[in-house]
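Okay, start.cif is below, mmCIF, C-alpha atoms:
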data_my_file
#
loop_
_atom_site.label_atom_id
_atom_site.label_comp_id
_atom_site.auth_asym_id
_atom_site.auth_seq_id
_atom_site.Cartn_x
_atom_site.Cartn_y
_atom_site.Cartn_z
CA MET M 1 28.01 42.50 -27.50
CA SER M 2 26.58 42.10 -24.00
CA GLU M 3 26.72 38.75 -22.28
CA ALA M 4 23.48 36.88 -21.68
CA MET M 5 22.22 37.20 -18.12
CA THR M 6 22.29 34.07 -15.97
CA PRO M 7 18.78 33.18 -14.77
CA THR M 8 18.25 33.61 -11.03
CA PRO M 9 18.14 30.20 -9.34
CA VAL M 10 14.84 29.09 -7.85
CA GLY M 11 15.16 29.44 -4.07
CA ILE M 12 14.13 26.46 -1.94
CA VAL M 13 13.61 26.06 1.79
CA LEU M 14 13.63 22.44 2.96
CA VAL M 15 11.64 21.67 6.11
CA GLY M 16 12.86 18.60 7.98
CA THR M 17 16.08 16.73 8.71
CA GLY M 18 15.00 13.07 8.66
CA ASN M 19 15.91 10.26 6.28
CA VAL M 20 14.16 11.65 3.19
CA ALA M 21 15.08 15.27 3.93
CA SER M 22 18.75 14.42 4.45
CA HIS M 23 19.04 12.79 1.02
CA LEU M 24 16.97 15.53 -0.62
CA ALA M 25 19.16 18.23 0.90
CA ALA M 26 22.29 16.90 -0.79
CA ALA M 27 20.49 16.48 -4.12
CA LEU M 28 18.87 19.92 -3.94
CA ALA M 29 22.20 21.58 -3.18
CA ALA M 30 23.51 20.24 -6.50
CA ALA M 31 20.36 20.68 -8.63
CA PRO M 32 20.99 22.97 -11.62
CA GLY M 33 18.78 26.05 -11.69
CA PHE M 34 17.83 25.73 -8.02
CA CYS M 35 19.35 27.00 -4.78
CA LEU M 36 18.84 25.41 -1.38
CA THR M 37 18.71 28.65 0.57
CA ALA M 38 17.87 27.19 3.97
CA ILE M 39 16.93 24.15 6.01
CA ALA M 40 14.26 24.66 8.66
CA ASN M 41 13.50 22.37 11.56
CA ARG M 42 11.96 22.51 15.02
CA SER M 43 15.35 21.42 16.36
CA LEU M 44 17.84 24.06 15.24
CA ASP M 45 20.76 21.80 16.14
CA SER M 46 19.56 19.21 13.61
CA ALA M 47 19.00 21.91 11.01
CA ARG M 48 22.47 23.34 11.57
CA SER M 49 24.10 19.94 11.25
CA LEU M 50 22.38 19.13 7.94
CA ALA M 51 22.83 22.66 6.60
CA ALA M 52 26.56 22.58 7.32
CA ALA M 53 26.86 19.27 5.45
CA VAL M 54 25.32 20.69 2.26
CA GLY M 55 26.53 24.29 2.39
CA SER M 56 23.22 25.90 3.31
CA LYS M 57 21.97 27.74 6.40
CA ALA M 58 19.65 26.74 9.22
CA MET M 59 16.57 28.51 10.49
CA ALA M 60 13.52 28.11 12.67
CA PHE M 61 10.02 27.72 11.23
CA GLY M 62 9.21 31.34 12.07
CA ASP M 63 12.07 32.61 9.91
CA ILE M 64 10.97 30.96 6.65
CA ALA M 65 8.88 33.91 5.49
CA SER M 66 11.88 36.25 5.69
CA THR M 67 13.73 34.29 2.97
CA SER M 68 11.00 34.88 0.33
CA PRO M 69 11.32 31.31 -0.96
CA ASP M 70 10.04 30.20 -4.37
CA ILE M 71 9.51 26.63 -3.14
CA VAL M 72 9.11 25.15 0.33
CA ILE M 73 9.47 21.37 0.63
CA VAL M 74 7.97 19.84 3.76
CA SER M 75 9.69 16.51 4.34
CA VAL M 76 8.70 15.38 7.83
CA ALA M 77 6.90 12.34 9.25
CA ASP M 78 3.38 11.95 7.83
CA ALA M 79 1.81 12.36 11.26
CA ALA M 80 3.60 15.71 11.72
CA ILE M 81 2.79 17.35 8.36
CA ALA M 82 -0.45 19.06 9.36
CA ARG M 83 1.00 20.29 12.65
CA VAL M 84 4.14 21.64 10.96
CA ALA M 85 2.08 23.40 8.27
CA GLU M 86 -0.04 25.11 10.92
CA GLU M 87 3.05 26.10 12.89
CA ILE M 88 4.76 27.64 9.85
CA GLY M 89 1.55 29.40 8.78
CA ARG M 90 0.93 31.55 5.74
CA ILE M 91 4.07 32.47 3.82
CA PRO M 92 3.99 35.83 1.98
CA GLY M 93 4.30 35.57 -1.78
CA ASP M 94 2.45 32.26 -2.01
CA PRO M 95 5.45 30.01 -2.75
CA LEU M 96 4.89 26.53 -4.10
CA CYS M 97 4.73 24.26 -1.06
CA LEU M 98 5.44 20.58 -1.69
CA LEU M 99 5.25 17.55 0.57
CA THR M 100 7.12 14.29 0.02
CA SER M 101 4.53 11.90 1.45
CA GLY M 102 2.82 9.01 -0.29
CA THR M 103 -0.14 8.95 2.10
CA VAL M 104 -0.96 12.60 2.88
CA GLY M 105 -2.89 14.83 0.48
CA MET M 106 -1.41 18.11 -0.70
CA SER M 107 -4.26 20.02 0.94
CA ALA M 108 -2.44 19.49 4.26
CA LEU M 109 -0.15 22.35 3.20
CA ALA M 110 -3.01 24.80 2.56
CA PRO M 111 -2.23 26.80 5.75
CA MET M 112 1.11 27.75 4.17
CA SER M 113 0.10 28.74 0.61
CA SER M 114 -2.61 28.51 -2.02
CA ARG M 115 -0.07 26.81 -4.30
CA VAL M 116 0.54 23.29 -3.04
CA GLY M 117 1.72 20.01 -4.46
CA VAL M 118 3.54 16.74 -4.00
CA LEU M 119 7.02 15.49 -4.81
CA TYR M 120 6.85 11.82 -3.75
CA PRO M 121 9.94 9.64 -4.34
CA LEU M 122 9.14 5.93 -4.31
CA GLN M 123 12.24 4.85 -2.44
CA SER M 124 13.39 3.85 1.02
CA PHE M 125 15.88 6.32 2.45
CA THR M 126 18.27 5.72 5.34
CA LYS M 127 20.78 8.27 6.57
CA GLY M 128 24.31 7.34 5.59
CA THR M 129 23.22 4.97 2.82
CA ALA M 130 23.72 6.38 -0.67
CA VAL M 131 20.97 6.27 -3.28
CA ASP M 132 21.09 6.90 -7.01
CA PHE M 133 18.50 9.59 -7.73
CA SER M 134 18.56 8.78 -11.44
CA ARG M 135 16.97 5.40 -10.66
CA ILE M 136 14.23 6.73 -8.38
CA PRO M 137 10.71 7.19 -9.73
CA VAL M 138 9.12 10.39 -8.41
CA PHE M 139 5.41 11.18 -8.53
CA THR M 140 4.20 14.77 -8.71
CA GLU M 141 0.87 16.52 -8.31
CA ALA M 142 -0.03 20.18 -7.83
CA SER M 143 -2.94 22.51 -7.30
CA ASP M 144 -2.59 24.28 -10.66
CA PRO M 145 -0.81 23.76 -14.01
CA ASP M 146 1.97 26.30 -13.36
CA SER M 147 2.77 24.73 -10.02
CA LEU M 148 2.82 21.26 -11.58
CA ARG M 149 5.28 22.47 -14.21
CA MET M 150 7.53 23.81 -11.46
CA ALA M 151 7.32 20.56 -9.49
CA ASP M 152 8.15 18.63 -12.67
CA ARG M 153 11.06 20.97 -13.40
CA LEU M 154 12.45 20.35 -9.93
CA ALA M 155 12.07 16.57 -10.27
CA SER M 156 13.91 16.71 -13.60
CA ALA M 157 16.71 18.84 -12.11
CA LEU M 158 17.14 16.19 -9.43
CA GLY M 159 17.56 13.61 -12.21
CA MET M 160 14.59 11.53 -11.10
CA ARG M 161 12.23 9.45 -13.25
CA LEU M 162 9.16 11.66 -13.49
CA HIS M 163 5.54 10.46 -13.25
CA HIS M 164 2.26 12.07 -12.26
CA ALA M 165 -0.01 10.56 -9.60
CA ASP M 166 -2.97 11.87 -7.65
CA GLU M 167 -3.54 11.15 -3.96
CA ASN M 168 -5.39 7.88 -4.58
CA ARG M 169 -2.66 6.44 -6.83
CA ARG M 170 0.06 7.52 -4.38
CA ARG M 171 -1.68 5.60 -1.62
CA THR M 172 -1.60 2.52 -3.86
CA LEU M 173 2.08 3.12 -4.55
CA HIS M 174 2.78 3.44 -0.84
CA ILE M 175 1.04 0.14 -0.06
CA ALA M 176 3.05 -1.51 -2.83
CA GLY M 177 6.18 -0.07 -1.26
CA VAL M 178 5.27 -1.60 2.09
CA PHE M 179 4.97 -5.05 0.48
CA ALA M 180 8.11 -4.65 -1.63
CA ASN M 181 10.33 -3.08 1.02
CA ASN M 182 9.05 -3.17 4.60
CA PHE M 183 7.73 -6.73 4.48
CA VAL M 184 10.84 -7.95 2.66
CA ASN M 185 13.07 -6.34 5.31
CA ILE M 186 11.25 -7.97 8.22
CA LEU M 187 11.34 -11.34 6.44
CA LEU M 188 15.09 -10.96 5.95
CA ALA M 189 15.46 -10.06 9.63
CA GLU M 190 13.59 -13.23 10.57
CA THR M 191 15.69 -15.18 8.08
CA GLY M 192 18.73 -13.96 10.01
CA ARG M 193 17.14 -15.13 13.25
CA ILE M 194 16.46 -18.61 11.84
CA LEU M 195 19.99 -18.92 10.51
CA GLY M 196 21.54 -17.46 13.64
CA ALA M 197 19.90 -20.12 15.81
CA ASP M 198 22.20 -22.63 14.11
CA GLY M 199 25.23 -20.35 14.01
CA LEU M 200 24.85 -19.37 10.36
CA PRO M 201 25.25 -15.76 9.08
CA LEU M 202 22.62 -13.91 7.08
CA ASP M 203 24.99 -13.41 4.15
CA VAL M 204 24.78 -17.09 3.17
CA VAL M 205 21.42 -16.23 1.52
CA GLU M 206 22.66 -13.07 -0.19
CA PRO M 207 23.25 -14.76 -3.59
CA LEU M 208 19.80 -16.35 -3.35
CA VAL M 209 18.10 -13.05 -2.50
CA ARG M 210 19.84 -11.16 -5.28
CA ALA M 211 19.02 -13.91 -7.81
CA THR M 212 15.40 -13.88 -6.61
CA VAL M 213 15.01 -10.16 -7.24
CA ASP M 214 16.84 -10.24 -10.57
CA LYS M 215 14.77 -13.17 -11.83
CA ALA M 216 11.48 -11.67 -10.61
CA PHE M 217 12.04 -8.57 -12.72
CA GLU M 218 13.45 -10.52 -15.65
CA ILE M 219 10.71 -13.14 -16.10
CA GLY M 220 8.07 -12.04 -13.59
CA PRO M 221 7.60 -13.18 -9.97
CA GLU M 222 4.88 -15.68 -10.91
CA ALA M 223 7.17 -17.54 -13.31
CA ALA M 224 10.12 -17.26 -10.94
CA GLN M 225 8.39 -18.88 -7.95
CA THR M 226 9.78 -22.22 -6.77
CA GLY M 227 9.78 -24.19 -3.50
CA PRO M 228 7.55 -26.59 -1.56
CA ALA M 229 4.45 -24.36 -1.50
CA ARG M 230 4.73 -23.83 -5.26
CA ARG M 231 4.89 -27.62 -5.72
CA GLY M 232 2.14 -28.29 -3.17
CA ASP M 233 4.51 -30.46 -1.11
CA SER M 234 2.54 -30.59 2.15
CA GLU M 235 4.93 -33.04 3.84
CA VAL M 236 7.92 -30.71 3.47
CA MET M 237 5.82 -27.73 4.57
CA ARG M 238 4.66 -29.52 7.75
CA SER M 239 8.23 -30.50 8.57
CA GLN M 240 9.56 -26.98 8.02
CA GLU M 241 6.79 -25.38 10.05
CA GLN M 242 7.64 -27.61 13.03
CA ARG M 243 11.27 -26.44 12.97
CA LEU M 244 10.28 -22.77 13.28
CA PRO M 245 9.86 -20.74 16.48
CA ASP M 246 6.23 -20.60 17.59
CA ASP M 247 5.77 -16.94 16.59
CA LEU M 248 6.87 -17.64 13.00
CA ARG M 249 4.65 -20.65 12.37
CA PRO M 250 1.51 -18.59 11.56
CA VAL M 251 3.59 -16.45 9.19
CA TYR M 252 4.90 -19.55 7.43
CA ARG M 253 1.38 -20.99 7.11
CA THR M 254 -0.11 -17.74 5.79
CA LEU M 255 2.58 -17.15 3.18
CA SER M 256 2.63 -20.81 2.12
CA LYS M 257 -1.14 -20.75 1.67
CA LEU M 258 -0.86 -17.59 -0.41
CA ILE M 259 1.57 -19.41 -2.71
CA THR M 260 -0.33 -22.71 -2.89
CA ASP M 261 -3.61 -20.92 -3.61
CA SER M 262 -1.93 -18.96 -6.40
CA TYR M 263 -0.71 -22.11 -8.16
CA LYS M 264 -3.39 -24.68 -7.32
CA ASN M 265 -4.64 -24.70 -10.91
CA ASP M 266 -1.13 -25.42 -12.23
CA ARG M 267 -0.80 -28.84 -10.58
#

Show me this structure written as structure tokens.
Amino acid sequence: MSEAMTPTPVGIVLVGTGNVASHLAAALAAAPGFCLTAIANRSLDSARSLAAAVGSKAMAFGDIASTSPDIVIVSVADAAIARVAEEIGRIPGDPLCLLTSGTVGMSALAPMSSRVGVLYPLQSFTKGTAVDFSRIPVFTEASDPDSLRMADRLASALGMRLHHADENRRRTLHIAGVFANNFVNILLAETGRILGADGLPLDVVEPLVRATVDKAFEIGPEAAQTGPARRGDSEVMRSQEQRLPDDLRPVYRTLSKLITDSYKNDR
């Protein structure tokens, strides 16, 4: 009896070496049924460094066509996607070309192939900081049903939580991510500045921050809200505002008003 033939892995070229690309490279290298054949980047030194870390090879944009890839993932800064797609140009064989952006439409990859799509992970990535791909929601879209099935298959092989979203919904998701991540980070940075002015470390609020997030997802952020603005305590708010640096006072007023306006019918 002859042994069953092992299916040929789907070959992938990853374009980019930034935060998202670096995490994707490691995950792609371990994805069952797929093979990360190469990492391409304008800077070959960066491509070589990332490729060496995940057991792949590095190449320039002009060499991508020679690998006959099944999938090309373009994971570069949003502002660079169109320029990179034009520089790479048409790839023989019409591979599925995916971008990882939440704000750029898949048509930006049209110069590379007629089969285009999106693999957008809703997560903040930083080099050197581990992430659990099994907890990351990923949103796919593609130009045709077969391409969408392939994008979904890749997302599943990466162990991600699969959803579908068109360009409009991804833009909404990206804005939500800015509120949930970018704005929270800058507020924590300013929290550190306020504490540091009196010789206190940022980690004194770590239990509070973790409890805030846990409670918000357990009972909802509306029910979890507390504090002077929630109570409408204008005297405490005036006193606190006066203690702040001048550049933070408008921020305090704006956020406090957002809270008081949200709960004015509850008092």

Asp266 of chain M proximity check over M:Lys215, M:Tyr252, M:Gly199, M:Arg231, using all atoms listed in the file: winner is M:Arg231

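For the file at hand, the PyMOL selection byres ((chain M and resi 74) around 9) resolves to M:Val13, M:Leu14, M:Val15, M:Gly16, M:Ala21, M:Val72, M:Ile73, M:Ser75, M:Val76, M:Ile81, M:Val84, M:Ala85, M:Cys97, M:Leu98, M:Leu99, M:Thr100, M:Ser101, M:Leu109.
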
Have a look at M:Lys264, M:Arg249, M:His23, M:Arg210 and name the one nearest to Arg230 of chain M; count only C-alpha atoms. M:Lys264

Atom-to-atom span, atom CA of Gly33 of chain M and atom CA of Val10 of chain M, Å: 6.3 Å

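Near segment 49-66 of chain M, within a cut-off of 8 Å and counting only C-alpha atoms, sit the residues M:Val13, M:Thr17, M:Ser22, M:Ala25, M:Ala26, M:Ala29, M:Leu36, M:Thr37, M:Ala38, M:Ile39, M:Ala40, M:Asn41, M:Arg42, M:Ser43, M:Leu44, M:Asp45, M:Glu87, M:Ile88, M:Ile91, M:Pro92, with same-chain residues fewer than 4 positions away left out.
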
Given all atoms listed in the file as the counted atoms, nearest of M:Leu255, M:Ala216, M:Ala176, M:Ile194 to Met237 of chain M: M:Leu255

Specify as a compact mmCIF listing (two decimals) with C-alpha atoms, in the coordinates of the input each residue included when the PyMOL selection byres ((chain M and resi 19) around 6) is applied to this file.
# COMPACT_ATOMS: atom_id res chain seq x y z
CA GLY M 18 15.00 13.07 8.66
CA VAL M 20 14.16 11.65 3.19
CA ALA M 21 15.08 15.27 3.93
CA SER M 22 18.75 14.42 4.45
CA PHE M 125 15.88 6.32 2.45
CA THR M 126 18.27 5.72 5.34
CA LYS M 127 20.78 8.27 6.57
